[in-house]
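Down below is the structure, laid out as structure tokens.
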Amino acid sequence: MTDDKYLKGTTTVGIVCNDGVVLATEQRATMGHFIASKTAKKIYQVDDFAAMTTAGSVGDAQQIVRVISVESKLYKMRRKEPMTIKGLTTLLSNLLAGQRYYPLMVQLLIGGYDKNGPALYSLDALGGNIEEKDAVSTGSGSPIAYGVLEDRFKENMTTEEGAELAVRALHNAMKRDSASGNGIDVVIINKDTYRRLESEEVKKLREQLN
């Protein structure tokens with residue numbers, strides 16, 4: 001999706017590493033030229049080791065998060081095991097495709113770690129999904145973020161290296177995209193851990209770029 005109404009006011013990044021997945025977003029929420037929030041939440045944990053980033057309408061995104069979180073819990077109760085990232089993506093695709101005549105104005109990344117290893121997918125507003133093998137970005141600042149990702153991504157990165165790259169990509173996007181800004185939120189998902197970086201950790205990573 002390239003229509004501005006889907007990409008307004010966000011930059012999100014996802015990176016597949018050799019030991020997990022990194023998801024990161026900036027924290028500015030806008031309404032046209034008005035900055036509505038400087039601490040907006042754009043990464044949502046939807047299962048123990050799975051998360052989703054959102055770009056687009058906040059209300060639509062929160063509705064999707066509520067549905068997918070409940071469905072993943074019900075699946076775990078019935079099957080005694082968590083849903084795979086691909087399974088979560090298929091569920092999301094069906095949800096979005098079912099709304100195609102009244103589309104939910106979102107662009108999503110969903111990633112995490114399951115029995116098959118790290119996985120990351122991007123989804124558009126009509127339910128189309130793509131499995132991402134390395135790095136991906138969505139939102140209004142994504143063209144700038146992609147410049148950094150494509151220049152610096154390398155195979156078999158650790159999640160620590162992935163977090164540094166994600167912060168670098170967002171840091172540069174925030175300099176050049178007026179709808180992206182303020183803080184950076186980073187989540188690292190490994191086989192046994194779901195960890196959100198502390199603000200001080202992010203601050204140190206950003207200071208290394210100046």
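Following the order of the structure tokens, first chain is A, next is B, and so on, with residues numbered from 1 inside each chain and ligands from 1 in the order they appear.
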
Per residue of segment 71-144 of chain A within 8 Å of segment 17-24 of chain A, which atom pair is closest and at what distance in Å (one decimal), using only C-alpha atoms, listed by chain and increasing number, as JSON lines?
```
{"residue": "A:Gly111", "atom": "CA", "partner": "A:Val21", "partner_atom": "CA", "distance": 6.6}
{"residue": "A:Gly112", "atom": "CA", "partner": "A:Val21", "partner_atom": "CA", "distance": 5.8}
{"residue": "A:Tyr113", "atom": "CA", "partner": "A:Gly20", "partner_atom": "CA", "distance": 6.3}
{"residue": "A:Gly117", "atom": "CA", "partner": "A:Gly20", "partner_atom": "CA", "distance": 7.4}
{"residue": "A:Pro118", "atom": "CA", "partner": "A:Gly20", "partner_atom": "CA", "distance": 5.0}
{"residue": "A:Ala119", "atom": "CA", "partner": "A:Val21", "partner_atom": "CA", "distance": 7.1}
{"residue": "A:Leu120", "atom": "CA", "partner": "A:Val21", "partner_atom": "CA", "distance": 7.4}
{"residue": "A:Asp134", "atom": "CA", "partner": "A:Cys17", "partner_atom": "CA", "distance": 7.5}
```

Would you mind listing what lies within 8 Å of Asp124 of chain A as a list in words, with only C-alpha atoms counted and same-chain residues fewer than 4 positions away left out?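 Using only C-alpha atoms, the neighbours found are Met1, Val106, Gln107, Leu108, Gly128 and Asn129 of chain A.
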
I need the residues in segment 6-208 of chain A that are helix (DSSP H, G or I) according to DSSP; give them as a PyMOL selection string. chain A and resi 6-7+58-79+85-97+142-152+159-176+199-207

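Here atom CA of His171 of chain A is placed at a distance of 7.2 Å from atom CA of Arg206 of chain A.
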
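Residues in contact with Val202 of chain A at up to 8 Å, not including ones fewer than 2 positions away on its chain and judged by only C-alpha atoms, are Val167, Ile184, Asp185, Val186, Leu197, Glu198, Ser199, Glu200, Lys204, Leu205 and Arg206 of chain A.
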
Keeping only N, CA and C atoms, write the selected residues as an mmCIF file, in the first residue's frame.
```
data_model
loop_
_atom_site.group_PDB
_atom_site.id
_atom_site.type_symbol
_atom_site.label_atom_id
_atom_site.label_comp_id
_atom_site.auth_asym_id
_atom_site.auth_seq_id
_atom_site.Cartn_x
_atom_site.Cartn_y
_atom_site.Cartn_z
ATOM 1 N N VAL A 167 17.389 0.861 15.453
ATOM 2 C CA VAL A 167 17.468 2.204 16.035
ATOM 3 C C VAL A 167 18.100 3.173 15.039
ATOM 4 N N ILE A 184 11.877 6.074 20.664
ATOM 5 C CA ILE A 184 11.953 4.833 19.884
ATOM 6 C C ILE A 184 11.654 3.662 20.815
ATOM 7 N N ASP A 185 10.790 2.774 20.362
ATOM 8 C CA ASP A 185 10.388 1.590 21.115
ATOM 9 C C ASP A 185 10.958 0.369 20.400
ATOM 10 N N VAL A 186 11.684 -0.483 21.126
ATOM 11 C CA VAL A 186 12.334 -1.658 20.529
ATOM 12 C C VAL A 186 11.992 -2.910 21.329
ATOM 13 N N LEU A 197 13.346 -3.030 25.185
ATOM 14 C CA LEU A 197 14.507 -2.289 25.645
ATOM 15 C C LEU A 197 14.086 -1.120 26.530
ATOM 16 N N GLU A 198 14.849 -0.907 27.592
ATOM 17 C CA GLU A 198 14.615 0.241 28.459
ATOM 18 C C GLU A 198 14.978 1.527 27.712
ATOM 19 N N SER A 199 14.363 2.627 28.113
ATOM 20 C CA SER A 199 14.614 3.900 27.434
ATOM 21 C C SER A 199 16.084 4.290 27.493
ATOM 22 N N GLU A 200 16.769 3.940 28.585
ATOM 23 C CA GLU A 200 18.192 4.260 28.704
ATOM 24 C C GLU A 200 19.028 3.475 27.702
ATOM 25 N N LYS A 204 21.339 5.199 24.741
ATOM 26 C CA LYS A 204 22.753 4.911 24.508
ATOM 27 C C LYS A 204 23.018 4.544 23.050
ATOM 28 N N LEU A 205 22.113 3.751 22.470
ATOM 29 C CA LEU A 205 22.274 3.364 21.068
ATOM 30 C C LEU A 205 22.175 4.588 20.168
ATOM 31 N N ARG A 206 21.266 5.508 20.488
ATOM 32 C CA ARG A 206 21.120 6.717 19.670
ATOM 33 C C ARG A 206 22.317 7.659 19.835
#
```

Just the residues within 9 Å of Lys42 of chain A, please, counting only C-alpha atoms, with nothing from its chain fewer than 2 positions along; format it as an mmCIF file with all heavy atoms, in the first residue's frame.
```cif
data_model
loop_
_atom_site.group_PDB
_atom_site.id
_atom_site.type_symbol
_atom_site.label_atom_id
_atom_site.label_comp_id
_atom_site.auth_asym_id
_atom_site.auth_seq_id
_atom_site.Cartn_x
_atom_site.Cartn_y
_atom_site.Cartn_z
ATOM 1 N N THR A 10 3.965 7.352 10.717
ATOM 2 C CA THR A 10 4.597 6.258 11.448
ATOM 3 C C THR A 10 5.807 5.747 10.676
ATOM 4 O O THR A 10 5.824 5.780 9.454
ATOM 5 C CB THR A 10 3.628 5.075 11.645
ATOM 6 O OG1 THR A 10 2.549 5.486 12.475
ATOM 7 C CG2 THR A 10 4.301 3.887 12.320
ATOM 8 N N THR A 12 7.898 2.035 11.129
ATOM 9 C CA THR A 12 8.132 0.792 11.871
ATOM 10 C C THR A 12 9.182 -0.030 11.135
ATOM 11 O O THR A 12 9.314 0.072 9.913
ATOM 12 C CB THR A 12 6.848 -0.045 12.032
ATOM 13 O OG1 THR A 12 6.563 -0.705 10.805
ATOM 14 C CG2 THR A 12 5.671 0.825 12.421
ATOM 15 N N ALA A 24 10.703 -2.592 15.908
ATOM 16 C CA ALA A 24 10.936 -1.269 16.471
ATOM 17 C C ALA A 24 10.049 -0.229 15.788
ATOM 18 O O ALA A 24 9.728 -0.356 14.606
ATOM 19 C CB ALA A 24 12.403 -0.884 16.324
ATOM 20 N N THR A 25 9.658 0.784 16.549
ATOM 21 C CA THR A 25 8.858 1.885 16.006
ATOM 22 C C THR A 25 9.277 3.189 16.684
ATOM 23 O O THR A 25 9.852 3.174 17.777
ATOM 24 C CB THR A 25 7.348 1.704 16.272
ATOM 25 O OG1 THR A 25 7.082 1.904 17.666
ATOM 26 C CG2 THR A 25 6.873 0.320 15.850
ATOM 27 N N GLU A 26 8.968 4.319 16.006
ATOM 28 C CA GLU A 26 9.057 5.596 16.726
ATOM 29 C C GLU A 26 7.728 5.790 17.454
ATOM 30 O O GLU A 26 6.834 4.952 17.343
ATOM 31 C CB GLU A 26 9.426 6.744 15.783
ATOM 32 C CG GLU A 26 8.721 6.764 14.450
ATOM 33 C CD GLU A 26 7.271 7.105 14.581
ATOM 34 O OE1 GLU A 26 6.948 8.127 15.214
ATOM 35 O OE2 GLU A 26 6.432 6.348 14.067
ATOM 36 N N GLN A 27 7.589 6.878 18.194
ATOM 37 C CA GLN A 27 6.457 6.986 19.115
ATOM 38 C C GLN A 27 5.589 8.226 18.902
ATOM 39 O O GLN A 27 4.827 8.605 19.788
ATOM 40 C CB GLN A 27 6.957 6.964 20.562
ATOM 41 C CG GLN A 27 7.568 5.622 20.955
ATOM 42 C CD GLN A 27 8.063 5.618 22.390
ATOM 43 O OE1 GLN A 27 8.935 6.387 22.764
ATOM 44 N NE2 GLN A 27 7.487 4.743 23.212
ATOM 45 N N ALA A 40 3.137 7.423 21.779
ATOM 46 C CA ALA A 40 2.159 6.461 21.257
ATOM 47 C C ALA A 40 2.740 5.045 21.231
ATOM 48 O O ALA A 40 3.903 4.840 20.886
ATOM 49 C CB ALA A 40 1.731 6.864 19.850
ATOM 50 N N TYR A 44 2.622 -4.126 19.876
ATOM 51 C CA TYR A 44 1.723 -4.825 20.786
ATOM 52 C C TYR A 44 2.123 -6.290 20.889
ATOM 53 O O TYR A 44 2.309 -6.956 19.866
ATOM 54 C CB TYR A 44 0.282 -4.737 20.285
ATOM 55 C CG TYR A 44 -0.277 -3.339 20.234
ATOM 56 C CD1 TYR A 44 -0.118 -2.554 19.099
ATOM 57 C CD2 TYR A 44 -0.971 -2.798 21.311
ATOM 58 C CE1 TYR A 44 -0.637 -1.267 19.033
ATOM 59 C CE2 TYR A 44 -1.493 -1.514 21.268
ATOM 60 C CZ TYR A 44 -1.318 -0.755 20.122
ATOM 61 O OH TYR A 44 -1.826 0.517 20.066
ATOM 62 N N MET A 52 3.224 -7.400 17.229
ATOM 63 C CA MET A 52 2.752 -6.779 15.998
ATOM 64 C C MET A 52 3.026 -5.288 16.056
ATOM 65 O O MET A 52 2.797 -4.647 17.080
ATOM 66 C CB MET A 52 1.252 -7.040 15.850
ATOM 67 C CG MET A 52 0.641 -6.559 14.566
ATOM 68 S SD MET A 52 -1.095 -7.116 14.434
ATOM 69 C CE MET A 52 -1.887 -5.980 15.569
ATOM 70 N N THR A 53 3.540 -4.721 14.953
ATOM 71 C CA THR A 53 3.672 -3.273 14.853
ATOM 72 C C THR A 53 2.550 -2.748 13.976
ATOM 73 O O THR A 53 2.062 -3.441 13.090
ATOM 74 C CB THR A 53 5.017 -2.841 14.247
ATOM 75 O OG1 THR A 53 5.023 -3.109 12.838
ATOM 76 C CG2 THR A 53 6.184 -3.553 14.916
ATOM 77 N N THR A 54 2.145 -1.494 14.235
ATOM 78 C CA THR A 54 1.012 -0.932 13.519
ATOM 79 C C THR A 54 1.369 0.408 12.889
ATOM 80 O O THR A 54 2.071 1.228 13.492
ATOM 81 C CB THR A 54 -0.179 -0.727 14.470
ATOM 82 O OG1 THR A 54 0.175 0.205 15.494
ATOM 83 C CG2 THR A 54 -0.602 -2.048 15.093
ATOM 84 N N ALA A 55 0.875 0.611 11.665
ATOM 85 C CA ALA A 55 0.924 1.908 11.003
ATOM 86 C C ALA A 55 -0.469 2.166 10.455
ATOM 87 O O ALA A 55 -1.116 1.258 9.942
ATOM 88 C CB ALA A 55 1.959 1.900 9.866
ATOM 89 N N VAL A 58 -5.178 4.323 14.449
ATOM 90 C CA VAL A 58 -4.956 3.774 15.790
ATOM 91 C C VAL A 58 -6.148 2.927 16.238
ATOM 92 O O VAL A 58 -5.980 1.832 16.778
ATOM 93 C CB VAL A 58 -4.702 4.917 16.800
ATOM 94 C CG1 VAL A 58 -4.617 4.365 18.226
ATOM 95 C CG2 VAL A 58 -3.425 5.651 16.450
ATOM 96 N N ALA A 61 -6.177 -0.393 14.426
ATOM 97 C CA ALA A 61 -5.080 -1.232 14.914
ATOM 98 C C ALA A 61 -5.411 -1.852 16.262
ATOM 99 O O ALA A 61 -5.177 -3.043 16.493
ATOM 100 C CB ALA A 61 -3.796 -0.407 15.010
ATOM 101 N N ASP A 185 10.790 2.774 20.362
ATOM 102 C CA ASP A 185 10.388 1.590 21.115
ATOM 103 C C ASP A 185 10.958 0.369 20.400
ATOM 104 O O ASP A 185 10.750 0.207 19.189
ATOM 105 C CB ASP A 185 8.859 1.528 21.154
ATOM 106 C CG ASP A 185 8.325 0.585 22.220
ATOM 107 O OD1 ASP A 185 9.119 0.123 23.060
ATOM 108 O OD2 ASP A 185 7.111 0.322 22.207
#
```

Please give the complete set of residues from chain A that DSSP, run on the backbone, assigns to strand (DSSP E or B), formatted as a ChimeraX atom specification. /A:11-16,20-26,29-31,34-37,43-47,50-56,106-114,117-123,129-131,135-139,184-190,194-196

Residues of the last selection are to be written out with C-alpha atoms, as a PDB file, in the first residue's frame.
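Full text of selection_28.pdb as output:
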```
ATOM      1  CA  THR A  11       7.841   4.437  10.819  1.00  0.00           C
ATOM      2  CA  THR A  12       8.132   0.792  11.871  1.00  0.00           C
ATOM      3  CA  VAL A  13      10.992  -1.651  11.325  1.00  0.00           C
ATOM      4  CA  GLY A  14      11.285  -5.431  11.540  1.00  0.00           C
ATOM      5  CA  ILE A  15      14.527  -7.420  11.274  1.00  0.00           C
ATOM      6  CA  VAL A  16      15.021 -11.199  11.133  1.00  0.00           C
ATOM      7  CA  GLY A  20      15.289 -14.052  16.923  1.00  0.00           C
ATOM      8  CA  VAL A  21      13.362 -11.055  15.620  1.00  0.00           C
ATOM      9  CA  VAL A  22      13.651  -7.337  16.332  1.00  0.00           C
ATOM     10  CA  LEU A  23      10.636  -5.022  16.007  1.00  0.00           C
ATOM     11  CA  ALA A  24      10.936  -1.269  16.471  1.00  0.00           C
ATOM     12  CA  THR A  25       8.858   1.885  16.006  1.00  0.00           C
ATOM     13  CA  GLU A  26       9.057   5.596  16.726  1.00  0.00           C
ATOM     14  CA  ALA A  29       1.133   9.946  16.603  1.00  0.00           C
ATOM     15  CA  THR A  30      -0.203  12.621  14.260  1.00  0.00           C
ATOM     16  CA  MET A  31      -3.573  13.940  13.103  1.00  0.00           C
ATOM     17  CA  PHE A  34      -1.068  18.096  14.607  1.00  0.00           C
ATOM     18  CA  ILE A  35       1.112  15.953  16.913  1.00  0.00           C
ATOM     19  CA  ALA A  36      -1.484  14.065  18.952  1.00  0.00           C
ATOM     20  CA  SER A  37       0.951  12.074  21.103  1.00  0.00           C
ATOM     21  CA  ILE A  43       4.208  -2.423  19.207  1.00  0.00           C
ATOM     22  CA  TYR A  44       1.723  -4.825  20.786  1.00  0.00           C
ATOM     23  CA  GLN A  45       2.500  -8.213  22.321  1.00  0.00           C
ATOM     24  CA  VAL A  46      -0.110 -10.623  20.916  1.00  0.00           C
ATOM     25  CA  ASP A  47       1.312 -13.884  22.328  1.00  0.00           C
ATOM     26  CA  ALA A  50       4.920 -12.763  19.153  1.00  0.00           C
ATOM     27  CA  ALA A  51       4.324  -9.059  18.559  1.00  0.00           C
ATOM     28  CA  MET A  52       2.752  -6.779  15.998  1.00  0.00           C
ATOM     29  CA  THR A  53       3.672  -3.273  14.853  1.00  0.00           C
ATOM     30  CA  THR A  54       1.012  -0.932  13.519  1.00  0.00           C
ATOM     31  CA  ALA A  55       0.924   1.908  11.003  1.00  0.00           C
ATOM     32  CA  GLY A  56      -2.274   3.721  10.084  1.00  0.00           C
ATOM     33  CA  VAL A 106      -3.596  -0.349   8.733  1.00  0.00           C
ATOM     34  CA  GLN A 107      -0.286  -1.720   7.597  1.00  0.00           C
ATOM     35  CA  LEU A 108       1.140  -4.345   9.945  1.00  0.00           C
ATOM     36  CA  LEU A 109       4.273  -6.260  10.753  1.00  0.00           C
ATOM     37  CA  ILE A 110       3.935  -9.424  12.819  1.00  0.00           C
ATOM     38  CA  GLY A 111       6.952 -11.335  14.031  1.00  0.00           C
ATOM     39  CA  GLY A 112       8.272 -13.566  16.734  1.00  0.00           C
ATOM     40  CA  TYR A 113       9.763 -16.945  17.557  1.00  0.00           C
ATOM     41  CA  ASP A 114       7.932 -20.288  17.345  1.00  0.00           C
ATOM     42  CA  GLY A 117      12.376 -20.468  14.542  1.00  0.00           C
ATOM     43  CA  PRO A 118      12.221 -16.699  13.980  1.00  0.00           C
ATOM     44  CA  ALA A 119       9.610 -15.422  11.510  1.00  0.00           C
ATOM     45  CA  LEU A 120       8.414 -12.046  10.250  1.00  0.00           C
ATOM     46  CA  TYR A 121       5.527 -11.074   7.952  1.00  0.00           C
ATOM     47  CA  SER A 122       4.157  -7.814   6.559  1.00  0.00           C
ATOM     48  CA  LEU A 123       0.444  -7.336   5.847  1.00  0.00           C
ATOM     49  CA  ASN A 129       0.873 -10.878   3.363  1.00  0.00           C
ATOM     50  CA  ILE A 130       4.540 -11.361   2.558  1.00  0.00           C
ATOM     51  CA  GLU A 131       7.065 -13.415   4.500  1.00  0.00           C
ATOM     52  CA  ALA A 135      14.496  -6.504   7.009  1.00  0.00           C
ATOM     53  CA  VAL A 136      11.290  -4.567   6.340  1.00  0.00           C
ATOM     54  CA  SER A 137       9.838  -1.147   7.113  1.00  0.00           C
ATOM     55  CA  THR A 138       6.337   0.370   6.937  1.00  0.00           C
ATOM     56  CA  GLY A 139       4.862   3.836   7.317  1.00  0.00           C
ATOM     57  CA  ILE A 184      11.953   4.833  19.884  1.00  0.00           C
ATOM     58  CA  ASP A 185      10.388   1.590  21.115  1.00  0.00           C
ATOM     59  CA  VAL A 186      12.334  -1.658  20.529  1.00  0.00           C
ATOM     60  CA  VAL A 187      11.305  -5.246  21.235  1.00  0.00           C
ATOM     61  CA  ILE A 188      13.613  -8.277  20.959  1.00  0.00           C
ATOM     62  CA  ILE A 189      12.027 -11.723  20.717  1.00  0.00           C
ATOM     63  CA  ASN A 190      14.212 -14.813  21.162  1.00  0.00           C
ATOM     64  CA  TYR A 194      10.308 -11.282  24.994  1.00  0.00           C
ATOM     65  CA  ARG A 195      12.177  -8.126  25.966  1.00  0.00           C
ATOM     66  CA  ARG A 196      11.388  -4.447  25.491  1.00  0.00           C
TER      67      ARG A 196
END
```

Shell around Arg152 of chain A at 12 Å using only C-alpha atoms, local window under 5 positions removed, as a count of residues only: 14

Within 10 Å of Lys115 of chain A, counting only C-alpha atoms, which residues show up once you throw out same-chain ones fewer than 3 positions away? Write them as a PDB file with all heavy atoms, in the first residue's frame, please.
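Printed below is result_32.pdb as written:
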```pdb
ATOM      1  N   GLU A  81      -0.634 -25.644  22.854  1.00  0.00           N
ATOM      2  CA  GLU A  81       0.599 -25.108  22.290  1.00  0.00           C
ATOM      3  C   GLU A  81       0.273 -23.766  21.640  1.00  0.00           C
ATOM      4  O   GLU A  81      -0.870 -23.525  21.239  1.00  0.00           O
ATOM      5  CB  GLU A  81       1.204 -26.066  21.252  1.00  0.00           C
ATOM      6  CG  GLU A  81       0.359 -26.260  20.010  1.00  0.00           C
ATOM      7  CD  GLU A  81       1.060 -27.108  18.965  1.00  0.00           C
ATOM      8  OE1 GLU A  81       2.204 -27.534  19.204  1.00  0.00           O
ATOM      9  OE2 GLU A  81       0.463 -27.336  17.910  1.00  0.00           O
ATOM     10  N   PRO A  82       1.275 -22.875  21.529  1.00  0.00           N
ATOM     11  CA  PRO A  82       1.003 -21.570  20.932  1.00  0.00           C
ATOM     12  C   PRO A  82       0.825 -21.656  19.414  1.00  0.00           C
ATOM     13  O   PRO A  82       1.337 -22.579  18.768  1.00  0.00           O
ATOM     14  CB  PRO A  82       2.251 -20.748  21.285  1.00  0.00           C
ATOM     15  CG  PRO A  82       3.322 -21.767  21.488  1.00  0.00           C
ATOM     16  CD  PRO A  82       2.653 -22.992  22.040  1.00  0.00           C
ATOM     17  N   MET A  83       0.094 -20.724  18.864  1.00  0.00           N
ATOM     18  CA  MET A  83      -0.056 -20.629  17.420  1.00  0.00           C
ATOM     19  C   MET A  83       1.278 -20.195  16.805  1.00  0.00           C
ATOM     20  O   MET A  83       2.029 -19.416  17.411  1.00  0.00           O
ATOM     21  CB  MET A  83      -1.145 -19.602  17.089  1.00  0.00           C
ATOM     22  CG  MET A  83      -1.670 -19.676  15.660  1.00  0.00           C
ATOM     23  SD  MET A  83      -2.936 -18.410  15.311  1.00  0.00           S
ATOM     24  CE  MET A  83      -4.216 -18.890  16.473  1.00  0.00           C
ATOM     25  N   THR A  84       1.602 -20.707  15.631  1.00  0.00           N
ATOM     26  CA  THR A  84       2.824 -20.286  14.947  1.00  0.00           C
ATOM     27  C   THR A  84       2.651 -18.862  14.426  1.00  0.00           C
ATOM     28  O   THR A  84       1.530 -18.355  14.305  1.00  0.00           O
ATOM     29  CB  THR A  84       3.154 -21.213  13.769  1.00  0.00           C
ATOM     30  OG1 THR A  84       2.091 -21.130  12.806  1.00  0.00           O
ATOM     31  CG2 THR A  84       3.330 -22.660  14.236  1.00  0.00           C
ATOM     32  N   ILE A  85       3.763 -18.231  14.099  1.00  0.00           N
ATOM     33  CA  ILE A  85       3.705 -16.877  13.536  1.00  0.00           C
ATOM     34  C   ILE A  85       2.967 -16.908  12.197  1.00  0.00           C
ATOM     35  O   ILE A  85       2.157 -16.016  11.897  1.00  0.00           O
ATOM     36  CB  ILE A  85       5.121 -16.295  13.357  1.00  0.00           C
ATOM     37  CG1 ILE A  85       5.916 -16.356  14.663  1.00  0.00           C
ATOM     38  CG2 ILE A  85       5.038 -14.852  12.848  1.00  0.00           C
ATOM     39  CD1 ILE A  85       5.260 -15.678  15.841  1.00  0.00           C
ATOM     40  N   PRO A 118      12.690 -18.074  14.134  1.00  0.00           N
ATOM     41  CA  PRO A 118      12.221 -16.699  13.980  1.00  0.00           C
ATOM     42  C   PRO A 118      11.446 -16.523  12.679  1.00  0.00           C
ATOM     43  O   PRO A 118      11.767 -17.153  11.667  1.00  0.00           O
ATOM     44  CB  PRO A 118      13.515 -15.879  13.975  1.00  0.00           C
ATOM     45  CG  PRO A 118      14.581 -16.830  13.543  1.00  0.00           C
ATOM     46  CD  PRO A 118      14.160 -18.186  14.012  1.00  0.00           C
ATOM     47  N   LYS A 191      14.073 -17.193  21.472  1.00  0.00           N
ATOM     48  CA  LYS A 191      13.406 -18.467  21.738  1.00  0.00           C
ATOM     49  C   LYS A 191      12.704 -18.476  23.086  1.00  0.00           C
ATOM     50  O   LYS A 191      11.587 -18.990  23.212  1.00  0.00           O
ATOM     51  CB  LYS A 191      14.426 -19.610  21.666  1.00  0.00           C
ATOM     52  CG  LYS A 191      13.822 -20.986  21.881  1.00  0.00           C
ATOM     53  CD  LYS A 191      14.880 -22.073  21.771  1.00  0.00           C
ATOM     54  CE  LYS A 191      14.255 -23.449  21.974  1.00  0.00           C
ATOM     55  NZ  LYS A 191      15.273 -24.533  21.893  1.00  0.00           N
TER      56      LYS A 191
END
```

Kindly give the distance, in Å, that separates atom CA of Asp48 of chain A and atom CA of Asn182 of chain A, rounded to a single decimal.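 Calculated distance between atom CA of Asp48 of chain A and atom CA of Asn182 of chain A is 27.6 Å.
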